[in-house]
$ cat protein_37.cif   # mmCIF, C-alpha atoms
data_target
#
loop_
_atom_site.label_atom_id
_atom_site.label_comp_id
_atom_site.auth_asym_id
_atom_site.auth_seq_id
_atom_site.Cartn_x
_atom_site.Cartn_y
_atom_site.Cartn_z
CA MET W 9 0.00 0.00 0.00
CA GLY W 10 1.29 3.48 -0.89
CA LEU W 11 0.44 6.92 0.38
CA ASP W 12 -1.88 7.51 -2.57
CA ASP W 13 -4.16 4.59 -1.83
CA GLY W 14 -6.33 6.50 0.64
CA ALA W 15 -7.18 5.76 4.24
CA GLU W 16 -10.78 5.04 3.20
CA ARG W 17 -9.61 1.69 1.79
CA VAL W 18 -8.34 0.61 5.20
CA GLU W 19 -10.68 -1.18 7.60
CA ALA W 20 -10.72 -1.19 11.41
CA VAL W 21 -11.89 -4.20 13.43
CA PHE W 22 -12.72 -3.60 17.10
CA VAL W 23 -15.14 -4.60 19.86
CA ASP W 24 -17.97 -2.07 20.10
CA GLU W 25 -19.77 -0.87 23.23
CA ALA W 26 -22.26 -3.74 22.94
CA GLY W 27 -19.42 -6.28 22.98
CA ARG W 28 -19.74 -7.14 19.29
CA LEU W 29 -16.80 -7.52 16.93
CA THR W 30 -17.30 -4.71 14.42
CA GLU W 31 -15.61 -3.82 11.13
CA MET W 32 -15.90 -0.44 9.44
CA PRO W 33 -13.80 1.91 7.33
CA TRP W 34 -10.79 3.26 9.18
CA THR W 35 -11.81 6.92 9.00
CA ALA W 36 -15.30 6.15 10.30
CA ALA W 37 -13.90 4.06 13.15
CA VAL W 38 -11.57 6.87 14.18
CA ALA W 39 -14.46 9.35 14.16
CA GLU W 40 -16.92 7.11 16.01
CA GLY W 41 -14.87 4.65 18.07
CA ARG W 42 -13.64 5.18 21.59
CA PHE W 43 -10.65 2.88 21.43
CA GLU W 44 -9.55 3.83 24.94
CA HIS W 45 -12.60 1.97 26.26
CA ALA W 46 -12.37 -1.04 23.95
CA PRO W 47 -11.13 -4.43 25.20
CA PRO W 48 -8.34 -6.20 23.32
CA VAL W 49 -9.49 -7.30 19.87
CA ALA W 50 -7.31 -10.41 20.30
CA ALA W 51 -5.69 -11.99 23.32
CA PHE W 52 -1.97 -11.70 23.91
CA PRO W 53 -0.21 -14.94 23.02
CA VAL W 54 1.40 -17.06 25.70
CA MET W 55 4.88 -18.11 24.57
CA PRO W 56 6.10 -21.30 26.28
CA GLY W 57 9.58 -21.03 27.72
CA ARG W 58 9.60 -17.26 28.12
CA ARG W 59 10.11 -15.71 31.53
CA TRP W 60 7.41 -13.09 30.96
CA GLY W 61 3.79 -13.68 30.02
CA PRO W 62 0.65 -11.56 29.64
CA GLY W 63 -0.49 -9.58 32.66
CA TRP W 64 -2.31 -6.47 33.82
CA TRP W 65 -1.29 -2.88 34.56
CA TRP W 66 -3.54 -0.88 36.90
CA SER W 67 -3.89 2.44 35.09
CA ALA W 68 -4.16 5.60 37.16
CA THR W 69 -5.42 7.34 34.01
CA MET W 70 -8.30 4.91 33.44
CA GLY W 71 -8.96 3.70 36.99
CA TRP W 72 -8.91 0.05 35.87
CA HIS W 73 -6.56 -2.62 34.59
CA VAL W 74 -5.07 -2.55 31.09
CA ALA W 75 -3.67 -5.76 29.64
CA HIS W 76 -0.07 -6.12 28.53
CA GLY W 77 1.80 -8.89 26.78
CA SER W 78 5.44 -8.29 27.65
CA ALA W 79 7.80 -6.48 30.00
CA ALA W 80 8.59 -4.00 27.21
CA MET W 81 4.91 -3.19 26.75
CA ARG W 82 4.37 -2.87 30.49
CA ALA W 83 7.17 -0.29 30.67
CA GLN W 84 5.56 1.80 27.92
CA LEU W 85 2.11 1.58 29.53
CA MET W 86 3.69 2.83 32.75
CA LEU W 87 5.27 5.85 31.02
CA LEU W 88 2.11 6.71 29.09
CA ASP W 89 0.04 6.35 32.26
CA ARG W 90 2.17 9.05 33.88
CA ASP W 91 2.05 11.38 30.86
CA ARG W 92 -0.15 14.34 31.87
CA GLN W 93 -1.38 14.75 28.27
CA VAL W 94 -2.70 11.17 28.08
CA VAL W 95 -6.38 10.92 29.05
CA GLY W 96 -7.12 7.40 27.75
CA LEU W 97 -5.18 4.17 27.50
CA SER W 98 -5.90 0.68 26.19
CA ALA W 99 -4.22 -2.45 24.83
CA ARG W 100 -4.69 -3.98 21.36
CA PRO W 101 -8.07 -2.30 20.82
CA VAL W 102 -8.08 -2.38 17.01
CA ARG W 103 -6.97 -4.53 14.11
CA VAL W 104 -6.04 -2.47 11.05
CA VAL W 105 -6.80 -4.32 7.77
CA TRP W 106 -5.68 -3.38 4.24
CA ARG W 107 -4.76 -4.88 0.88
CA ASP W 108 -1.18 -4.82 -0.35
CA GLU W 109 0.02 -4.02 -3.88
CA ARG W 110 -0.97 -7.57 -4.97
CA SER W 111 -4.45 -7.25 -3.42
CA ARG W 112 -3.60 -9.65 -0.60
CA VAL W 113 -5.36 -8.95 2.69
CA ARG W 114 -2.93 -7.84 5.40
CA SER W 115 -3.56 -6.81 9.00
CA TRP W 116 -1.78 -5.57 12.10
CA ILE W 117 -2.81 -5.09 15.73
CA PRO W 118 -0.85 -2.29 17.43
CA GLN W 119 -0.12 -3.09 21.06
CA VAL W 120 -1.09 0.22 22.65
CA PHE W 121 -3.56 3.03 22.10
CA ALA W 122 -3.32 6.37 23.91
CA ARG W 123 -5.80 9.23 23.70
CA TYR W 124 -4.42 12.72 24.25
CA ALA W 125 -6.15 15.69 25.84
CA ASP W 126 -6.48 17.39 22.44
CA GLY W 127 -8.48 14.42 21.11
CA THR W 128 -5.74 12.94 18.94
CA GLY W 129 -4.60 9.35 19.26
CA LEU W 130 -1.42 7.32 19.33
CA LEU W 131 -1.13 3.74 18.12
CA ALA W 132 2.13 2.14 19.17
CA ASP W 133 4.09 -1.06 19.36
CA CYS W 134 6.63 -1.81 22.06
CA PRO W 135 9.51 -3.86 20.65
CA ALA W 136 11.96 -5.17 23.24
CA VAL W 137 14.83 -4.91 20.74
CA GLU W 138 15.44 -2.90 17.58
CA GLY W 139 14.19 -4.65 14.47
CA ALA W 140 11.74 -6.91 16.27
CA GLY W 141 8.98 -8.14 13.97
CA GLY W 142 11.16 -8.14 10.86
CA VAL W 143 9.88 -7.28 7.40
CA ARG W 144 6.23 -7.66 8.33
CA ALA W 145 6.58 -5.07 11.10
CA ARG W 146 8.33 -2.63 8.76
CA ARG W 147 5.59 -2.97 6.16
CA ALA W 148 2.92 -2.48 8.80
CA GLN W 149 4.73 0.59 10.09
CA ALA W 150 4.60 2.21 6.64
CA VAL W 151 0.85 1.62 6.42
CA LEU W 152 0.12 2.75 9.97
CA ASP W 153 2.27 5.86 9.57
CA ALA W 154 0.19 6.78 6.52
CA VAL W 155 -3.30 6.05 7.82
CA CYS W 156 -2.68 7.60 11.25
CA GLY W 157 -1.26 10.71 9.59
CA ARG W 158 -4.40 11.06 7.47
CA VAL W 159 -6.55 11.48 10.59
CA GLY W 160 -4.13 13.56 12.65
CA TRP W 161 -2.94 10.62 14.75
CA ARG W 162 0.52 9.12 15.14
CA TYR W 163 1.97 5.64 14.98
CA ARG W 164 5.24 4.91 16.79
CA ARG W 165 7.47 1.99 17.64
CA LEU W 166 8.45 2.80 21.21
CA GLY W 167 11.97 1.66 22.00
CA PRO W 168 13.07 0.69 25.52
CA PRO W 169 13.20 3.74 27.83
CA ASP W 170 16.30 5.01 29.59
CA ALA W 171 17.08 2.55 32.39
CA VAL W 172 17.38 5.17 35.15
CA VAL W 173 14.19 6.99 34.13
CA ALA W 174 12.33 3.68 33.93
CA ALA W 175 13.55 2.63 37.38
CA ASN W 176 12.53 5.96 38.93
CA VAL W 177 9.09 5.93 37.33
CA ARG W 178 8.63 2.29 38.33
CA TRP W 179 9.27 3.28 41.95
CA LEU W 180 6.85 6.20 41.78
CA ALA W 181 4.27 3.98 40.06
CA GLY W 182 4.02 1.99 43.27
CA TYR W 183 2.34 5.09 44.72
CA ARG W 184 0.13 5.97 41.74
CA HIS W 185 -3.18 5.04 43.37
CA PRO W 186 -5.16 8.07 44.67
CA ARG W 187 -5.17 6.60 48.19
CA TYR W 188 -1.58 7.82 48.53
CA ARG W 189 -2.72 11.45 48.51
CA GLY W 190 -3.09 10.92 52.25
CA PRO W 191 -5.57 12.41 54.70
CA ASP W 192 -7.14 15.82 54.14
CA GLY W 193 -4.63 18.63 54.19
CA LEU W 194 -1.48 16.53 54.07
CA GLU W 195 -0.86 16.78 50.35
CA GLU W 196 -1.31 20.55 50.38
CA ALA W 197 1.19 20.77 53.24
CA VAL W 198 3.61 18.69 51.17
CA LEU W 199 3.19 20.94 48.13
CA ASP W 200 3.72 24.03 50.26
CA ALA W 201 6.89 22.52 51.71
CA PHE W 202 8.36 22.40 48.19
CA ALA W 203 7.11 25.79 47.01
CA GLN W 204 10.82 26.61 46.82
CA PRO W 205 13.11 23.86 45.50
CA ARG W 206 14.78 21.89 48.28
CA PRO W 207 16.21 18.40 48.93
CA LEU W 208 13.49 15.77 49.23
CA ILE W 209 14.28 14.76 52.82
CA GLU W 210 14.31 18.36 54.05
CA GLY W 211 10.81 18.99 52.75
CA VAL W 212 9.57 15.69 54.14
CA VAL W 213 10.79 16.25 57.72
CA ALA W 214 9.47 19.82 57.62
CA VAL W 215 5.97 18.38 57.15
CA GLY W 216 6.05 15.53 59.67
CA ASP W 217 6.71 11.83 60.14
CA PRO W 218 8.56 10.53 57.04
CA LEU W 219 6.66 7.24 57.21
CA GLN W 220 3.44 9.15 56.66
CA VAL W 221 4.75 11.93 54.43
CA LEU W 222 6.97 10.04 51.96
CA PRO W 223 4.11 8.13 50.25
CA VAL W 224 2.33 11.44 49.68
CA VAL W 225 5.50 12.94 48.19
CA TYR W 226 5.96 9.94 45.88
CA HIS W 227 2.35 10.14 44.73
CA ALA W 228 2.71 13.86 44.02
CA LEU W 229 5.90 13.15 42.04
CA TRP W 230 4.02 10.53 40.03
CA ALA W 231 1.11 12.89 39.38
CA GLY W 232 3.28 15.89 38.44
CA ARG W 233 2.18 18.02 41.38
CA LEU W 234 5.81 17.79 42.46
CA GLU W 235 8.77 17.58 40.09
CA ALA W 236 12.31 16.21 40.29
CA ALA W 237 15.00 15.23 37.79
CA LEU W 238 14.33 11.59 36.87
CA LYS W 239 17.43 11.06 34.73
CA VAL W 240 19.43 10.53 37.93
CA PRO W 241 18.54 8.00 40.62
CA LEU W 242 16.04 9.22 43.19
CA TYR W 243 17.59 9.58 46.65
CA GLU W 244 17.00 11.58 49.80
CA ARG W 245 18.90 14.69 48.61
CA VAL W 246 17.35 14.93 45.16
CA VAL W 247 15.98 18.45 44.62
CA VAL W 248 12.17 18.55 44.52
CA ARG W 249 9.98 21.50 43.54
CA ARG W 250 6.28 22.18 43.25
CA GLY W 251 5.05 21.11 39.83
CA THR W 252 2.68 22.59 37.30
CA ALA W 253 0.16 19.75 36.99
CA GLU W 254 -3.44 20.82 37.48
CA GLU W 255 -5.43 19.36 40.36
#

$ encode --input "protein_37.cif" --output "structure tokens"
Amino acid sequence: MGLDDGAERVEAVFVDEAGRLTEMPWTAAVAEGRFEHAPPVAAFPVMPGRRWGPGWWWSATMGWHVAHGSAAMRAQLMLLDRDRQVVGLSARPVRVVWRDERSRVRSWIPQVFARYADGTGLLADCPAVEGAGGVRARRAQAVLDAVCGRVGWRYRRLGPPDAVVAANVRWLAGYRHPRYRGPDGLEEAVLDAFAQPRPLIEGVVAVGDPLQVLPVVYHALWAGRLEAALKVPLYERVVVRRGTAEE
């Protein structure tokens, strides 16, 4: 398929709100479908002998679990879940179907869908290593780049994140649930303590008992209400400041 073939010749297969497998033209599906609420259009395969199998990520964005099929995909779900511009998240919600230059039916199921605050969407795959998927993945990428571009969306192959950033976000993700905002008034006291940038531990002890305050700090760092450099390992002297995320 080339760029001149038109997105209207591409079909989308997804599970609709009534739980029925539905197929419609790609552009109509993008306009009408809410892929962030759709269940996986196909289950993740279980690969015997591998150390990692399908699982679930509890999404702070969605308030429920999103499926994943690999450690690489789980890492990308985690990063997207923390992205303040992402307002919807789902796994394998759509199969994209097209015909190649020899009129053979081809299809591809991107691993991740993200909806952004401006209404646009991201379809993405999460290869564990560069070149994963071979020729078939490269051909699918060309098609998905084209059809997503036609509707103002993006398709990306998300490579493994920086190891230090991933480790820091993984730690903060342990405090992503809203229960870690703490009792009334505590989070606001924490934010006030970091109105001026200061080392993490200094702000924590200024508020109260570290055992009670630290989880609130970590949740605020996850949510963007506090900010710190995540390209270096988090430790007690890392400089923390009040963030710009809206309540």

$ residues_near_point --input "protein_37.cif" --point "(2.3, 1.0, 31.4)" --cutoff "12 Å" --atoms "all atoms listed in the file" --output "NGL selection string"
:W and (63-70 or 73-91 or 94 or 96-99 or 119-122 or 134 or 169 or 174 or 177-178 or 181 or 184)

$ resolve_selection --input "protein_37.cif" --expression "the PyMOL selection byres ((chain W and resi 232) around 10)" --output "compact mmCIF listing (two decimals) with C-alpha atoms, in the frame of the given file"
# COMPACT_ATOMS: atom_id res chain seq x y z
CA ARG W 90 2.17 9.05 33.88
CA ASP W 91 2.05 11.38 30.86
CA ARG W 92 -0.15 14.34 31.87
CA TYR W 226 5.96 9.94 45.88
CA HIS W 227 2.35 10.14 44.73
CA ALA W 228 2.71 13.86 44.02
CA LEU W 229 5.90 13.15 42.04
CA TRP W 230 4.02 10.53 40.03
CA ALA W 231 1.11 12.89 39.38
CA ARG W 233 2.18 18.02 41.38
CA LEU W 234 5.81 17.79 42.46
CA GLU W 235 8.77 17.58 40.09
CA ALA W 236 12.31 16.21 40.29
CA ARG W 250 6.28 22.18 43.25
CA GLY W 251 5.05 21.11 39.83
CA THR W 252 2.68 22.59 37.30
CA ALA W 253 0.16 19.75 36.99
CA GLU W 254 -3.44 20.82 37.48
CA GLU W 255 -5.43 19.36 40.36

$ residues_around --input "protein_37.cif" --residues "Gly211 in chain W" --least-positions-apart "2" --cutoff "10 Å" --atoms "only C-alpha atoms" --output "JSON, numbers by chain"
{"W": [197, 198, 199, 200, 201, 202, 203, 204, 205, 206, 207, 208, 209, 213, 214, 215, 216, 218, 221, 222, 225, 247, 248, 249]}

$ residues_near_point --input "protein_37.cif" --point "(8.6, 1.8, 14.5)" --cutoff "12 Å" --atoms "all atoms listed in the file" --output "PyMOL selection string"
chain W and resi 118-119+131-153+162-168

$ closest_residue --input "protein_37.cif" --among "W:Val246, W:Val212, W:Ala125, W:Val104" --to "Glu19 in chain W" --atoms "all atoms listed in the file"
W:Val104

$ atom_distance --input "protein_37.cif" --atom1 "CA of Ala171 in chain W" --atom2 "CA of Leu238 in chain W"
10.5 Å
